[in-house]
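The structure under discussion appears below in the form of structure tokens.
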Amino acid sequence: MIPAAGIFLHGFGQRYDLPISLALYLYAAAGVVVISFVLVVLFAGDQVGARALQYPRRPVRWLTAAARSGWPQRIGGAIGVLALVAVVITGLFGSTNPVYNPSEYLVWIYFWAGLVIFTGLVGNLWSLVNPWAAIYDAMSRVVRLGPAWKLPDVGVWPAAAAYFAFACLELTTGMANRPWLVATLAIAYSTVTLAGMILFGRDEWLEHCEAFTVLFGIVARFGPVEAESEETGRIATVYLRPWGVGLLKPAPTGWDRVAFVILMLSTLAFDGILSTPAWQDFTVALEPVWLPMGALGFFFVRTLGLVLLSVAFLLVFITFMELVVYFGRRSVDLKETVSAFALTLVPIALVYNAAHNYSYLVVQAQGLIPLLNDPLARGWHLWPAVATFKPSFALAQASTVWYAQVVLIVLGHVIAVYLAHLRAGERFRTAQRALLSQYPMLLLMVLYTMTSLWILAQPITRETG
Amino acid sequence: MSRNRIAAAIGIVAIFVVVGGLLIYADAGNRRGHNRTLDVTVTGGKTMQPNLIRAYPNDTLTINVTSDTDGEVHLHVYDIQFATKAGQTVSHTFKADKTCTCDIEWESTGTGLGQLLVSP
């Protein structure tokens, strides 16, 4: 058995979730299947070609004015830089116990879990709070910063690698709960990012090599805010649109982007799988391999699990996409089609993220409040009123958590099925071909959603006594 | 997609959501708590038997911790400390008003001993 597994679950701290009951699991699973087929019947014969991707949107004058004023960027940038500085200072000089160190809350709850979900709900908040962009922009007002070199054509592979490394820090190293390490890596990543922006150009680096810009860029496509810029880069109009439809907008294609979306799915799923008995069985079976490695064994077995799961997700996705193209009976570019369909999986990843992190956000997030009184654990009394704050569990009762989780997962599934249907209409041009091509995609989405539900239904702990 | 189809799709999802809510909350709201006593034994500040103890929401729980070592056993979420003395039993009684998989730790080392499962 892996020692003190409870400490290492997730970034840090314990989860308060309970496995959803078997009855609820069966109800949700049956609902997913029934709703999927009803949607297919409803969608049959719907728009095809370019019309399939048209969606309603409404210009919002006050949002346009606010975006043009530059204030959201300035305020957001200040918040981002402040948060980064707080992570570094409290991580290096605060308590070594993660429960009493703000850096852990800021990185793993507010940034990693919270910002992803809020970006999906609201829009690209990262583009406002990205601290490295803010620092670079501030520097460029003082000194002239031009790219020294041209970035080679690397797609978003560097960003995917950085994202994978970050996921490893959280899930496979078992060291995410060490504030000094979180702070040190924040300094290192900041240094690399700023150097990359200076050497290769701000946007070039951010859009290809900076994991979070690519991640939040993909997630923001789900969000309801859409900005159109003029040729000069100035924002022309800000629109509101229904959630999800932004994923149908033209996007860069390539296996790098497919891999990135699959990593989003697999890393999230892996986080859930870590607390299942199936994972414990896997690690026990591999004990002869990793136990002799000593301290590295823990990292090895988890990284191996994450790699295997990611490869499995990718292979399953590509296999199903081959089937989609086959049933679509139209000659299409596989890479472009796979890239376009990969984005329709984003709602599934996003809602699973929200379901998975629900208790984390509504309970654990409150743990930061009392730390504001003494963020460095030096016995300070900066804000005595919050020192005795106790987290509220009002929203964390099992019934509420289960209900939120099931509803979120089914809603995400419905949105994904709908988007895939529209994408098929655009790709395969006739209603019949689009419908045929949708059966494998529908099966894949049901499989992904069932996997999410299965993970949520797994017992977190196992009786040994 | 036509408006009728969108309305039909939203209607189906809404029915699913409402029925799911009724199923979950109708059952959870009616449960009354019982008095429950749970005995655990901690050995060497490293293991606990049984390692998983269960209760239902709103139960009045009495947990008796017997340890062969002086120290402190911490029940998370409820934030209850059992100050143990070698060979003696320490008890705490409380209402299980929070559902959770609550970690039970040997406080000085942070060693996970087991869990209290409070679940409908």
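Chains: A, B, ... in order of the structure tokens. Residues: from 1 per chain. Ligands: from 1, in order shown.
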Inset, instruction - Going by DSSP on the backbone, which bits of stretch 16-51 of chain B are strand (DSSP E)? Write them as a list in words, please. - result: Asn35, Arg36, Thr37, Leu38, Asp39, Val40, Thr41, Val42, Thr43, Thr47, Met48 and Gln49 of chain B
Those same residues, written as a PDB file, in the first residue's frame with C-alpha atoms?
```pdb
ATOM      1  CA  ASN B  35     -26.902   6.403  18.775  1.00  0.00           C
ATOM      2  CA  ARG B  36     -23.825   4.570  17.576  1.00  0.00           C
ATOM      3  CA  THR B  37     -20.681   3.522  19.428  1.00  0.00           C
ATOM      4  CA  LEU B  38     -17.495   2.807  17.505  1.00  0.00           C
ATOM      5  CA  ASP B  39     -14.405   1.265  19.091  1.00  0.00           C
ATOM      6  CA  VAL B  40     -10.975   1.534  17.499  1.00  0.00           C
ATOM      7  CA  THR B  41      -7.528   0.403  18.586  1.00  0.00           C
ATOM      8  CA  VAL B  42      -4.391   2.274  17.540  1.00  0.00           C
ATOM      9  CA  THR B  43      -1.063   0.437  17.537  1.00  0.00           C
ATOM     10  CA  THR B  47      -2.197   1.492  12.356  1.00  0.00           C
ATOM     11  CA  MET B  48      -5.799   1.460  13.482  1.00  0.00           C
ATOM     12  CA  GLN B  49      -8.207  -1.476  13.720  1.00  0.00           C
TER      13      GLN B  49
END
```
Legend entry - Every residue of chain B that DSSP places in helix (DSSP H, G or I), as a VMD selection string: chain B and resid 3 to 29
Contacts from chain B to chain A, 8 Å maximum, only C-alpha atoms: show me the residue list as a tab-separated table (two decimals) with N, CA and C atoms, in the first residue's frame.
```tsv
chain	number	residue	atom	x	y	z
B	1	MET	N	-30.71	24.29	-35.45
B	1	MET	CA	-31.76	23.44	-34.87
B	1	MET	C	-33.00	24.31	-34.61
B	5	ARG	N	-37.17	21.88	-31.40
B	5	ARG	CA	-36.23	20.82	-31.05
B	5	ARG	C	-35.39	21.23	-29.84
B	9	ALA	N	-35.27	19.28	-26.32
B	9	ALA	CA	-34.02	18.82	-25.70
B	9	ALA	C	-33.89	19.37	-24.28
B	12	ILE	N	-36.27	17.57	-21.87
B	12	ILE	CA	-35.81	16.22	-21.46
B	12	ILE	C	-34.74	16.31	-20.38
B	13	VAL	N	-33.80	17.23	-20.60
B	13	VAL	CA	-32.74	17.40	-19.59
B	13	VAL	C	-33.34	17.90	-18.28
B	16	PHE	N	-34.90	15.11	-16.36
B	16	PHE	CA	-33.83	14.29	-15.74
B	16	PHE	C	-33.34	14.96	-14.46
B	17	VAL	N	-33.11	16.27	-14.55
B	17	VAL	CA	-32.57	17.01	-13.40
B	17	VAL	C	-33.55	17.00	-12.23
B	20	GLY	N	-33.95	13.44	-10.75
B	20	GLY	CA	-32.73	13.14	-10.00
B	20	GLY	C	-32.74	13.83	-8.64
B	21	GLY	N	-33.13	15.09	-8.62
B	21	GLY	CA	-33.20	15.86	-7.38
B	21	GLY	C	-34.18	15.24	-6.40
B	24	ILE	N	-32.78	11.99	-4.91
B	24	ILE	CA	-31.71	12.17	-3.93
B	24	ILE	C	-32.23	12.78	-2.63
B	25	TYR	N	-32.98	13.87	-2.77
B	25	TYR	CA	-33.34	14.61	-1.56
B	25	TYR	C	-34.48	13.97	-0.79
B	28	ALA	N	-32.73	11.39	1.43
B	28	ALA	CA	-31.79	11.94	2.41
B	28	ALA	C	-32.51	12.73	3.51
B	49	GLN	N	-7.28	-0.38	14.02
B	49	GLN	CA	-8.21	-1.48	13.72
B	49	GLN	C	-9.57	-1.16	14.32
B	50	PRO	N	-10.65	-1.22	13.56
B	50	PRO	CA	-10.66	-1.30	12.10
B	50	PRO	C	-10.21	0.02	11.50
B	51	ASN	N	-9.76	-0.01	10.26
B	51	ASN	CA	-9.24	1.23	9.66
B	51	ASN	C	-10.35	2.07	9.04
B	52	LEU	N	-11.54	1.49	8.93
B	52	LEU	CA	-12.67	2.24	8.37
B	52	LEU	C	-13.87	2.07	9.29
B	98	LYS	N	-21.95	16.19	9.40
B	98	LYS	CA	-21.28	16.46	8.11
B	98	LYS	C	-21.01	15.12	7.42
B	99	THR	N	-21.40	15.02	6.17
B	99	THR	CA	-21.06	13.81	5.43
B	99	THR	C	-19.63	13.94	4.95
B	100	CYS	N	-18.89	12.84	4.98
B	100	CYS	CA	-17.48	12.93	4.59
B	100	CYS	C	-16.82	11.55	4.57
B	101	THR	N	-15.65	11.53	3.96
B	101	THR	CA	-14.71	10.46	4.24
B	101	THR	C	-13.63	11.15	5.06
B	102	CYS	N	-13.82	11.16	6.39
B	102	CYS	CA	-12.97	11.99	7.25
B	102	CYS	C	-11.70	11.24	7.62
B	103	ASP	N	-10.56	11.84	7.34
B	103	ASP	CA	-9.28	11.20	7.67
B	103	ASP	C	-9.08	11.17	9.18
B	111	THR	N	0.66	10.54	10.13
B	111	THR	CA	0.40	9.22	9.54
B	111	THR	C	-1.10	8.96	9.46
B	112	GLY	N	-1.57	8.57	8.28
B	112	GLY	CA	-2.98	8.25	8.11
B	112	GLY	C	-3.29	6.92	8.78
B	115	GLN	N	-10.17	5.99	8.30
B	115	GLN	CA	-11.19	6.98	7.98
B	115	GLN	C	-12.52	6.72	8.68
B	119	SER	N	-21.98	8.71	5.60
B	119	SER	CA	-22.60	8.74	4.27
B	119	SER	C	-24.06	8.28	4.35
B	120	PRO	N	-24.94	8.87	3.51
B	120	PRO	CA	-26.34	8.41	3.51
B	120	PRO	C	-26.42	6.93	3.13
```
Legend entry - Straight-line distance linking atom CA of A:Lys335 with atom CA of A:Asp256, stated in Å to one decimal: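 So the answer is 10.3 Å.
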Inset, instruction - Just give me the gap between atom CA of A:Ala148 and atom CA of A:Phe200 in Å, one decimal is fine. - result: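 Separation between atom CA of A:Ala148 and atom CA of A:Phe200: 6.2 Å.
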Inset, instruction - Excluding stretch 72-76 of chain B and residues on its chain fewer than 5 positions from it, collect all residues at most 6 Å away from it, counting only C-alpha atoms, and give them as a PyMOL selection string. - result: chain B and resi 81-84+102-107
Using C-alpha atoms, can you write the selected residues to a file as a compact mmCIF listing (two decimals), in the first residue's frame?
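For reference, selection.txt as written:
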```txt
# COMPACT_ATOMS: atom_id res chain seq x y z
CA GLN B 81 -8.53 15.42 19.07
CA PHE B 82 -8.22 12.24 21.11
CA ALA B 83 -5.35 12.73 23.59
CA THR B 84 -4.32 9.14 24.09
CA CYS B 102 -12.97 11.99 7.25
CA ASP B 103 -9.28 11.20 7.67
CA ILE B 104 -8.09 9.96 11.06
CA GLU B 105 -4.42 10.77 11.64
CA TRP B 106 -1.71 10.27 14.21
CA GLU B 107 -1.19 13.98 14.70
```
Legend entry - Polymer residues at most 7 Å from stretch 207-214 of chain A, only C-alpha atoms, same-chain spacing of 5 or more positions, as an NGL selection string: :A and (155-156 or 158-160 or 162-163 or 193)
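Computed from the coordinates, the atom CA of A:Ala167 to atom CA of A:Gly217 distance equals 17.6 Å.
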